[in-house]
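What follows is a single structure, written as structure tokens, with notes after it.
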Amino acid sequence: METVNILIEALPYIKKFHHKKVMIKYGGHAMIDSEAMSSTARDTVLLKYVGMEPIVVHGGGPEISRSMSKLGKKPKFIGGLRITDQETMDIVKMVLVGKINTDIVSKVCLHGGQCIGISGKDNHLIKARKKAPHVVVDNKTGEEITVDLGLVGEIENVNTDIVNMLTENDYIPIISPIGVDNNANTLNLNADTVAGDIAAEVSAEKLIILTDVPGILEDPNDPETLIKHVKIDEIKDLIDNGIVKDGMIPKVTNSIENGVKSAHIIDGRIQHSVLLEIFTKKGIGTMITK
């Protein structure tokens with residue numbers, strides 16, 4: 001009966017989200033741990049088989065840094081952004097497109113899903129421009145220093161034709177977060193931003209971001225202080241009070257303002273966290289809505 005009750009609880013959500021697009025951003029533990037990635041891939045396939053249209057964007061920062069170290073190149077960051085010269089960009093493409101993307105595709109296919117791996121360069125899915133030089137403050141002197149981030153981009157335009165073509169033909173798109181500029185140069189993009197912008201452009205019902213935290217916590221050291229539901233106009237107070245410090249929040253709220261119905265920050269360390277968030281009344285993370 002417990003199993004039956006679980007299915008009955010899920011039914012209203014299955015009906016509500018039938019034929020609706022759901023953007024899932026793979027990150028954190030769900031990217032690093034093989035079992036977690038496999039579990040998340042299985043959940044993604046299940047969403048497809050109950051009638052939803054999942055779309056996946058993945059990150060890969062830690063894997064990129066590990067690969068750089070193996071190749072004798074030290075990663076450099078300014079303000080959380082990776083300084084990306086041409087050699088680093090080659091490693092980024094190798095890791096994101098050649099390794100992580102194909103690993104996720106293999107896992108999804110293993111669990112019976114139809115999927116195709118693409119990047120923001122395919123069919124000019126993501127047109128981007130080089131990010132302006134970043135201004136940082138020297139900790140020792142207090143002086144402002146202007147730093148060129150290299151081949152780091154910001155999104156100008158999203159062309160979702162290829163994503164729509166894949167979902168309309170029952171494929172799950174698996175997207176690497178790189179873009180292309182007007183001169184066909186590859187630019188490194190923030191995966192959270194890519195997920196949010198594509199989700200907004202396709203009017204996704206949900207944007208689900210897998211992280212290594214339970215969600216928004218009133219006390220970062222106490223998981224019991226999880227804020228289950230927050231509205232966009234309440235975010236500013238949370239930022240002012242120091243509860244929200246993560247740069248992910250503006251990206252999530254921006255996606256909602258541009259068409260996504262709700263955004264969810266959930267813990268990718270928990271098995272089947274995607275299913276628990278979508279198909280249960282309580283959920284497990286923080287839901288952000290208008």
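In the structure tokens, chains take the letters A, B, ... in the order shown, each chain's residues start at 1, and ligands count up from 1 in the order shown.
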Next item on the list: Find the spatial neighbours of Val92 of chain A, counting only C-alpha atoms, within a cut-off of 10 Å - ignore same-chain residues fewer than 5 positions away - and output them as a VMD selection string.
Entry: chain A and resid 60 to 61 63 to 65 67 to 68 84 86 to 87 97 to 98 177 to 178 187 to 188
Next item on the list: Please give the complete set of residues from segment 70-288 of chain A that DSSP, run on the backbone, assigns to helix (DSSP H, G or I), formatted as number ranges by chain.
Entry: A: 70, 86-110, 122-124, 161-168, 191-201, 223-225, 232-240, 248-257, 273-279
Check: So how many Å separate atom CA of Leu226 of chain A and atom CA of Val202 of chain A, to one decimal?
Finding: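 Pair atom CA of Leu226 of chain A / atom CA of Val202 of chain A returns 29.6 Å.
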Item checked: Contact residues around Phe17 of chain A with only C-alpha atoms at 12 Å, ignoring same-chain residues under 3 positions, as a PyMOL selection string -> chain A and resi 10-14+20-22+47-48+50-54+204-206+261+278-279
Margin query: Could you list, as a PyMOL selection string, every residue within 10 Å of segment 143-147 of chain A, counting only C-alpha atoms and ignoring same-chain residues fewer than 2 positions away?
Written below: chain A and resi 78+83+132-141+149-150
Export of the given selection (N, CA, C and O atoms) as a PDB file, in the first residue's frame:
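Below you can see part.pdb, which holds the result:
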ATOM      1  N   ILE A  78      39.180  34.602 -11.127  1.00  0.00           N
ATOM      2  CA  ILE A  78      38.984  35.967 -10.626  1.00  0.00           C
ATOM      3  C   ILE A  78      37.491  36.151 -10.381  1.00  0.00           C
ATOM      4  O   ILE A  78      36.683  36.013 -11.301  1.00  0.00           O
ATOM      5  N   ILE A  83      39.749  32.308 -15.677  1.00  0.00           N
ATOM      6  CA  ILE A  83      40.483  32.996 -16.739  1.00  0.00           C
ATOM      7  C   ILE A  83      40.787  31.959 -17.816  1.00  0.00           C
ATOM      8  O   ILE A  83      41.398  30.920 -17.545  1.00  0.00           O
ATOM      9  N   ALA A 132      33.342  41.578 -20.773  1.00  0.00           N
ATOM     10  CA  ALA A 132      34.195  42.756 -20.563  1.00  0.00           C
ATOM     11  C   ALA A 132      35.218  42.471 -19.465  1.00  0.00           C
ATOM     12  O   ALA A 132      34.989  41.614 -18.592  1.00  0.00           O
ATOM     13  N   PRO A 133      36.363  43.165 -19.489  1.00  0.00           N
ATOM     14  CA  PRO A 133      37.368  42.976 -18.441  1.00  0.00           C
ATOM     15  C   PRO A 133      36.756  43.120 -17.050  1.00  0.00           C
ATOM     16  O   PRO A 133      35.869  43.952 -16.823  1.00  0.00           O
ATOM     17  N   HIS A 134      37.218  42.285 -16.127  1.00  0.00           N
ATOM     18  CA  HIS A 134      36.659  42.202 -14.782  1.00  0.00           C
ATOM     19  C   HIS A 134      37.480  43.081 -13.838  1.00  0.00           C
ATOM     20  O   HIS A 134      38.708  43.021 -13.839  1.00  0.00           O
ATOM     21  N   VAL A 135      36.815  43.905 -13.049  1.00  0.00           N
ATOM     22  CA  VAL A 135      37.505  44.776 -12.099  1.00  0.00           C
ATOM     23  C   VAL A 135      37.495  44.123 -10.716  1.00  0.00           C
ATOM     24  O   VAL A 135      36.428  43.780 -10.193  1.00  0.00           O
ATOM     25  N   VAL A 136      38.692  43.937 -10.162  1.00  0.00           N
ATOM     26  CA  VAL A 136      38.808  43.349  -8.825  1.00  0.00           C
ATOM     27  C   VAL A 136      39.618  44.291  -7.941  1.00  0.00           C
ATOM     28  O   VAL A 136      40.352  45.151  -8.432  1.00  0.00           O
ATOM     29  N   VAL A 137      39.468  44.113  -6.629  1.00  0.00           N
ATOM     30  CA  VAL A 137      40.198  44.939  -5.661  1.00  0.00           C
ATOM     31  C   VAL A 137      41.344  44.124  -5.078  1.00  0.00           C
ATOM     32  O   VAL A 137      41.142  43.004  -4.587  1.00  0.00           O
ATOM     33  N   ASP A 138      42.549  44.659  -5.166  1.00  0.00           N
ATOM     34  CA  ASP A 138      43.723  44.006  -4.597  1.00  0.00           C
ATOM     35  C   ASP A 138      43.612  43.969  -3.079  1.00  0.00           C
ATOM     36  O   ASP A 138      43.451  45.005  -2.430  1.00  0.00           O
ATOM     37  N   ASN A 139      43.685  42.766  -2.493  1.00  0.00           N
ATOM     38  CA  ASN A 139      43.520  42.616  -1.044  1.00  0.00           C
ATOM     39  C   ASN A 139      44.600  43.333  -0.240  1.00  0.00           C
ATOM     40  O   ASN A 139      44.367  43.776   0.879  1.00  0.00           O
ATOM     41  N   LYS A 140      45.787  43.454  -0.827  1.00  0.00           N
ATOM     42  CA  LYS A 140      46.905  44.062  -0.097  1.00  0.00           C
ATOM     43  C   LYS A 140      46.892  45.584  -0.206  1.00  0.00           C
ATOM     44  O   LYS A 140      47.045  46.294   0.782  1.00  0.00           O
ATOM     45  N   THR A 141      46.707  46.100  -1.416  1.00  0.00           N
ATOM     46  CA  THR A 141      46.816  47.549  -1.635  1.00  0.00           C
ATOM     47  C   THR A 141      45.459  48.255  -1.646  1.00  0.00           C
ATOM     48  O   THR A 141      45.393  49.468  -1.474  1.00  0.00           O
ATOM     49  N   LEU A 149      39.487  38.440 -18.773  1.00  0.00           N
ATOM     50  CA  LEU A 149      39.162  37.048 -18.476  1.00  0.00           C
ATOM     51  C   LEU A 149      39.461  36.102 -19.634  1.00  0.00           C
ATOM     52  O   LEU A 149      39.336  34.888 -19.493  1.00  0.00           O
ATOM     53  N   GLY A 150      39.811  36.658 -20.779  1.00  0.00           N
ATOM     54  CA  GLY A 150      40.099  35.815 -21.930  1.00  0.00           C
ATOM     55  C   GLY A 150      38.829  35.382 -22.636  1.00  0.00           C
ATOM     56  O   GLY A 150      37.905  36.166 -22.836  1.00  0.00           O
TER      57      GLY A 150
END
Next item on the list: Compile the contact shell of Val260 of chain A as number ranges by chain: residues with an atom at most 6 Å away, counting only C-alpha atoms, same-chain residues fewer than 2 positions apart removed.
Entry: A: 200, 203-205, 255-256, 262
Ile8 of chain A: which residues within 12 Å, counting only C-alpha atoms, same-chain residues fewer than 6 positions away excluded, as a PDB file with C-alpha atoms, in the first residue's frame?
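See out_37.pdb below for the written result:
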ATOM      1  CA  MET A   1       0.000   0.000   0.000  1.00  0.00           C
ATOM      2  CA  GLU A   2       2.914   2.326   0.641  1.00  0.00           C
ATOM      3  CA  ILE A  14       2.248  13.674 -13.747  1.00  0.00           C
ATOM      4  CA  LYS A  15      -1.008  15.085 -15.161  1.00  0.00           C
ATOM      5  CA  PHE A 279       6.350  14.276  -7.594  1.00  0.00           C
ATOM      6  CA  THR A 280       5.828  14.825  -3.850  1.00  0.00           C
ATOM      7  CA  LYS A 281       3.864  17.430  -1.922  1.00  0.00           C
TER       8      LYS A 281
END
Can you write out as CSV which residues of segment 14-70 of chain A fall within 10 Å of segment 103-125 of chain A, alongside each residue's closest atom pair and its distance in Å to one decimal, counting only C-alpha atoms and ordering rows by chain and ascending residue number?
residue,atom,partner,partner_atom,distance
A:Tyr26,CA,A:Ile104,CA,9.6
A:Met31,CA,A:Ile104,CA,9.0
A:Ser34,CA,A:Lys107,CA,9.6
A:Met37,CA,A:Ile104,CA,7.5
A:Ser38,CA,A:Lys107,CA,5.8
A:Ser39,CA,A:Lys107,CA,9.0
A:Thr40,CA,A:Val108,CA,8.8
A:Ala41,CA,A:Val108,CA,5.0
A:Arg42,CA,A:His111,CA,5.7
A:Asp43,CA,A:Val108,CA,9.1
A:Thr44,CA,A:Val108,CA,7.5
A:Val45,CA,A:Gly113,CA,5.2
A:Leu46,CA,A:Gly113,CA,8.4
A:Leu47,CA,A:Gly113,CA,10.0
A:Lys48,CA,A:Gly113,CA,7.7
A:Tyr49,CA,A:Gly113,CA,8.4
A:Ile55,CA,A:Cys115,CA,9.5
A:Val56,CA,A:Ile104,CA,9.4
A:Val57,CA,A:Ser119,CA,9.2
A:His58,CA,A:Ile104,CA,8.8
Item checked: Distance criterion (only C-alpha atoms): nearest to Met248 of chain A out of A:Val194, A:Met89, A:Ile172, A:Met94 ->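 Closest residue, counting only C-alpha atoms: A:Val194.
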Note to self: Residues of segment 34-237 of chain A classed as strand (DSSP E or B) by DSSP on the backbone are to be reported as a PyMOL selection string.
What the structure shows: chain A and resi 53-58+77-78+81-82+84+115-119+126-130+134-137+144-147+150+152-158+172-176+178-180+186-188+206-211+217+226+229-231
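Reported to one decimal place, the separation of atom CA of Lys73 of chain A from atom CA of Gly142 of chain A is 28.6 Å.
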Check: Using only C-alpha atoms, which of the listed residues (A:Asn164, A:Thr253, A:Thr186, A:Thr286) sits closest to Lys127 of chain A?
Finding: A:Thr186
Note to self: Please determine, counting only C-alpha atoms, which residue among A:Thr167, A:Asn183, A:Thr289, A:Thr88 has the shortest atom-to-atom distance to Lys76 of chain A.
What the structure shows: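 Checking each candidate against Lys76 of chain A, we get A:Thr88 as the closest.
Nearest to Ile126 of chain A of all the residues A:Asp148, A:Glu156, A:Glu224, A:Asp240 is A:Glu156, counting only C-alpha atoms.
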Next item on the list: Quick one: everything within 8 Å of Ala30 of chain A, counting only C-alpha atoms, minus sequence neighbours fewer than 5 positions away in the same chain. Send it as a PyMOL selection string.
Entry: chain A and resi 36-37+40+210-211+268-269
Check: Smallest atom-to-atom distance to Asp267 of chain A: which of A:Gly283, A:Pro62, A:Pro220, A:Gly215, using only C-alpha atoms?
Finding: A:Gly215
Notebook entry, point to check: Out of A:Ile284, A:Leu238, A:Val158, A:Val180, which residue has the shortest atom-to-atom distance to Val213 of chain A when counting only C-alpha atoms?
Noted result: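 Of all the options, A:Ile284 lies closest to Val213 of chain A.
Reported to one decimal place, the separation of atom CA of Gly179 of chain A from atom CA of Asp192 of chain A is 13.6 Å.
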